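Asker: Dropping a structure here in structure tokens format, bear with me for questions.
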2 protein chains.
Amino acid sequence: MKQMQLTSDISIRRTVAEDNAEQLASVKEIIRNVRMNGDAALLEYTEKWDGVKLETIRVGPDEMKEAVDRFEPQLLQDLSEAAGNIRDYHENQKQQGYKNIKDDGSYVAQRVTAIGSAGLYVPGGTAAYPSSVLMNVIPAQVAGVGRIVLISPPGKDGKLSDGVLAAAHILGIEEVYKAGGAQAIAALAYGTESIQAVDKITGPGNVFVALAKREVFGDVAIDMIAGPSEITVIADDTAFADEVAADLLSQAEHDPMATAVLLTTSQQLADAVSLEVERQLETLPRQAIAGKAIRDYGMIYIGKTMDDLIDAANELAPEHLEIMAADAEALSEKIQNAGAIFIGRYSSEPIGDYFAGTNHVLPTNSTARFSSALSVYDFVKRTSVVYYSEQAWQQNEAKIARLARLEGLEGHARAVESRAWKKENGR
Amino acid sequence: MKQMQLTSDISIRRTVAEDNAEQLASVKEIIRNVRMNGDAALLEYTEKWDGVKLETIRVGPDEMKEAVDRFEPQLLQDLSEAAGNIRDYHENQKQQGYKNIKDDGSYVAQRVTAIGSAGLYVPGGTAAYPSSVLMNVIPAQVAGVGRIVLISPPGKDGKLSDGVLAAAHILGIEEVYKAGGAQAIAALAYGTESIQAVDKITGPGNVFVALAKREVFGDVAIDMIAGPSEITVIADDTAFADEVAADLLSQAEHDPMATAVLLTTSQQLADAVSLEVERQLETLPRQAIAGKAIRDYGMIYIGKTMDDLIDAANELAPEHLEIMAADAEALSEKIQNAGAIFIGRYSSEPIGDYFAGTNHVLPTNSTARFSSALSVYDFVKRTSVVYYSEQAWQQNEAKIARLARLEGLEGHARAVESRAWKKENGR
């Protein structure tokens with residue numbers, strides 16, 4: 001891995017350039033076609049790109065049952081345990097409304113209600129991750145979303161992966177469709193004969209899925225557009241190089257554009273991790289992907305003090321931040337910007353991807369400065385409520401009318417005053 | 001106003017078409033120029049479009065003081081009282097983190113921290129609303145945002161409006177800049193010599209501001225892109241036509257594309273409101289704007305039952321919903337989709353614009369199905385924290401490795417297992 005001294009005058013934040021003009025044109029055409037031709041367009045695209053001619057778009061109950069029966073019982077149990085942990089963590093995110101009542105009988109309140117429906121996109125092929133099903137569906141369920149549907153591209157056999165269907169089964173999701181890419185996003189956003197439109201679309205996907213989500217945004221809600229995975233490890237000389245290297249590679253193997261950064265005060269550790277990364281890469285099945293990520297986006301910064309490392313981490317605002325150092329917990333309190341923090345030697349990042357209970361849908365591209373993990377909050381909306389009694393209105397109408405006139409909005413002033421028009425006439 | 005019977009087969013949701021290709025090209029060039037040339041570009045655009053050659057971009061303390069001294073004391077007091085109500089309402093939105101500890105010593109936690117800095121765009125000219133300053137700044141302050149700045153285009157005299165500066169003064173905001181349009185958004189997003197970049201930009205603006213916010217989104221956070229104002233009134237025959245008409249006009253006067261809808265079970269009220277709207281329009285200063293909005297986007301729907309009206313309101317998902325009917329509060333409980341609800345005769349919508357305490361930055365274009373008012377939640381981020389003890393790791397590493405291998409992510413499995421490599425060798 002490349003090494004560099006950490007000084008205050010270097011820019012460590014990475015920039016990802018995008019130019020997707022060609023794909024965008026294609027995505028717009030796909031959306032237009034699905035809006036116009038519904039199921040027929042979906043089936044046509046599935047035949048063209050997924051290589052299978054489907055009869056029906058919805059996964060039937062038998063198909064679901066067969067997949068679950070085929071699925072290894074031990075894995076079903078592992079997934080169920082993970083689902084339980086995820087549900088426990090997200091239960092704490094349930095929001096209550098509130099109501100502030102004044103002596104004059106007026107009140108202002110906030111009501112929290114679940115959005116009506118949510119659609120989860122699950123990528124197909126090698127990236128059909130059961131864990132993504134858990135991470136997207138459970139927050140929506142905890143929020144109380146009434147209708148939750150899954151959509152995912154079928155394999156050439158016309159089927160979805162057993163793991164994805166098993167995860168859906170564990171969560172009690174019965175509305176599952178077979179379609180992928182921009183056409184699946186269009187179907188969720190605008191509906192077809194088979195698929196009723198949803199209010200919010202979440203879930204990861206390739207560039208076509210991401211562009212389609214951007215396009216339909218506004219007509220429906222979407223979750224964040226996730227960039228390539230990122231891991232930053234803060235480590236001092238108490239960390240073990242092989243463990244640091246293994247954790248860096250765990251994110252590098254996701255994507256050739258994944259970022260893996262080590263921030264350390266120890267030149268010795270830096271050198272050892274460099275060697276370990278190369279050694280472990282040799283036997284890694286996804287060596288090509290992880291190797292390219294390490295070469296292009298891997299970096300070791302050597303800082304003078306732990307505080308320098310903390311500053312750098314806050315500047316990077318990484319998706320995942322591990323702290324393997326003495327006083328890891330105390331150091332973690334100084335972190336302002338990170339999607340998720342993993343504290344201490346035994347908190348290897350994949351624990352959060354699969355099992356601990358926190359959500360693995362996390363902000364990338366330094367957006368942890370202002371964004372957060374997918375959560376129950378993303379599946380509710382809050383409605384403000386204003387009730388003014390006659391007394392409250394009477395005590396305040398002159399002030400409100402003055403403020404409206406200050407802004408040149410005479411119609412606003414008159415609206416508030418209009419309640420007096422009839423009172424003056426005894427009504 | 002146009003009238004129509006409410007039946008289940010008509011589409012009542014409005015669609016707003018946009019085509020801003022020309023403005024977008026201009027906005028991209030402005031952003032490029034500001035990123036490249038900083039203050040010089042800002043000053044150049046201010047001279048060109050605001051018609052004033054500025055020496056400095058920041059508002060000085062003397063300028064602020066003079067504006068406040070000129071401002072009418074009664075209005076200062078009204079603004080202060082409004083600010084107090086807004087602060088009270090938003091205080092309830094403070095979020096606490098949580099930490100779930102297990103018997104094996106592991107924990108998962110959520111930490112809530114304020115974003116680092118926020119910039120509020122305040123439109124200039126006739127739309128320089130002090131109330132917007134209160135509504136955007138106070139949630140950020142309650143969230144604990146450390147640095148809050150204002151930016152607004154100067155008048156031809158090189159000054160900002162006294163009202164805007166007075167509102168800033170009341171809130172203790174001292175960092176105020178003079179620049180408008182896309183160039184102001186670019187300066188907030190990327191910084192110039194005078195203006196340090198912020199993490200989040202909020203506030204209303206014209207099409208150039210809206211397009212610029214869309215462009216910089218991702219590099220910084222933005223609030224929602226607000227469409228034209230919307231009001232829907234649900235009324236039965238207990239409502240007074242002149243009050244309903246005045247409230248409809250209060251939103252219609254915002255924008256020629258504003259939407260004003262009456263949903264009623266009373267044909268008599270429908271007819272009376274139509275007449276009243278015409279009558280009140282005659283003397284309204286913003287008659288041209290409000291009249292065009294009423295003609296183009298005004299509509300009265302007559303339904304058979306109150307439940308029909310509720311269904312229609314949920315379908316419209318309006319920014320503002322007034323309920324002037326018997327049992328208004330009970331009816332309001334059936335509303336799923338609305339930015340803000342105003343209950344009963346005395347809760348005229350402008351009360352929420354200025355004074356009650358709820359936020360007047362609300363979702364438009366039917367996005368209340370999945371979006372909410374600007375709030376404290378918009379100025380915080382949540383970081384997940386995972387701590388696994390050695391015992392917790394040992395009990396779960398095999399499960400996690402199995403789940404990783406199910407997804408074909410061998411590197412993830414090895415990372416979790418790596419903590420055993422040295423244990424096997426006694427470290």
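Going by the structure tokens order, chains are called A, B, ..., each with residues numbered from 1, while ligands are numbered from 1 in the order shown.
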Could you make a table, as a Markdown table, of the residues of chain A that have an atom within 6 Å of an atom of chain B, each with its nearest atom pair and distance in Å to one decimal, counting only C-alpha atoms, in chain and number order?
Answerer:
| residue | atom | partner | partner_atom | distance |
| --- | --- | --- | --- | --- |
| A:Asp78 | CA | B:Lys399 | CA | 5.9 |
| A:Ile115 | CA | B:Phe370 | CA | 5.7 |
| A:Tyr129 | CA | B:Glu407 | CA | 5.8 |
| A:Glu243 | CA | B:Ser418 | CA | 5.6 |
| A:Ala246 | CA | B:Ala415 | CA | 4.6 |
| A:Asp247 | CA | B:Ala415 | CA | 5.1 |
| A:Ser250 | CA | B:His412 | CA | 4.6 |
| A:Gly339 | CA | B:Thr383 | CA | 5.3 |
| A:Ala340 | CA | B:Ser384 | CA | 4.4 |
| A:Ile341 | CA | B:Val385 | CA | 4.7 |
| A:Phe342 | CA | B:Val386 | CA | 4.9 |
| A:Ile343 | CA | B:Tyr387 | CA | 5.1 |
| A:Tyr346 | CA | B:Tyr388 | CA | 5.6 |
| A:Ser347 | CA | B:Tyr388 | CA | 4.9 |
| A:Ser348 | CA | B:Val416 | CA | 5.8 |
| A:Pro350 | CA | B:His412 | CA | 5.7 |
| A:Phe370 | CA | B:Ile115 | CA | 5.6 |
| A:Ser371 | CA | B:Lys381 | CA | 5.5 |
| A:Ser372 | CA | B:Arg382 | CA | 5.2 |
| A:Lys381 | CA | B:Ser372 | CA | 5.3 |
| A:Arg382 | CA | B:Ser372 | CA | 5.2 |
| A:Thr383 | CA | B:Gly339 | CA | 5.3 |
| A:Ser384 | CA | B:Ala340 | CA | 4.4 |
| A:Val385 | CA | B:Ile341 | CA | 4.7 |
| A:Val386 | CA | B:Phe342 | CA | 4.9 |
| A:Tyr387 | CA | B:Ile343 | CA | 5.1 |
| A:Tyr388 | CA | B:Ser347 | CA | 4.9 |
| A:Glu390 | CA | B:Tyr346 | CA | 5.8 |
| A:Lys399 | CA | B:Asp78 | CA | 5.9 |
| A:Glu407 | CA | B:Tyr129 | CA | 5.8 |
| A:Gly411 | CA | B:Ser250 | CA | 4.6 |
| A:His412 | CA | B:Ser250 | CA | 4.6 |
| A:Ala415 | CA | B:Ala246 | CA | 4.6 |
| A:Val416 | CA | B:Ser348 | CA | 5.8 |
| A:Ser418 | CA | B:Glu243 | CA | 5.6 |
Asker: Write out as JSON, numbers by chain all residues of segment 147-388 of chain A that backbone DSSP assigns to strand (DSSP E or B).
Answerer: {"A": [147, 148, 149, 150, 151, 152, 175, 176, 177, 178, 200, 201, 202, 217, 220, 221, 222, 230, 231, 232, 233, 234, 235, 259, 260, 261, 262, 263, 264, 298, 299, 300, 301, 302, 320, 321, 322, 323, 324, 340, 341, 342, 343, 380, 381, 382, 383, 384, 385, 386, 387]}
Asker: When DSSP is applied to the backbone of this structure, which of segment 287-389 of chain A are assigned helix (DSSP H, G or I)? Write them out as a PyMOL selection string.
Answerer: chain A and resi 287-297+306-316+328-332+350-354+367-369+376-379
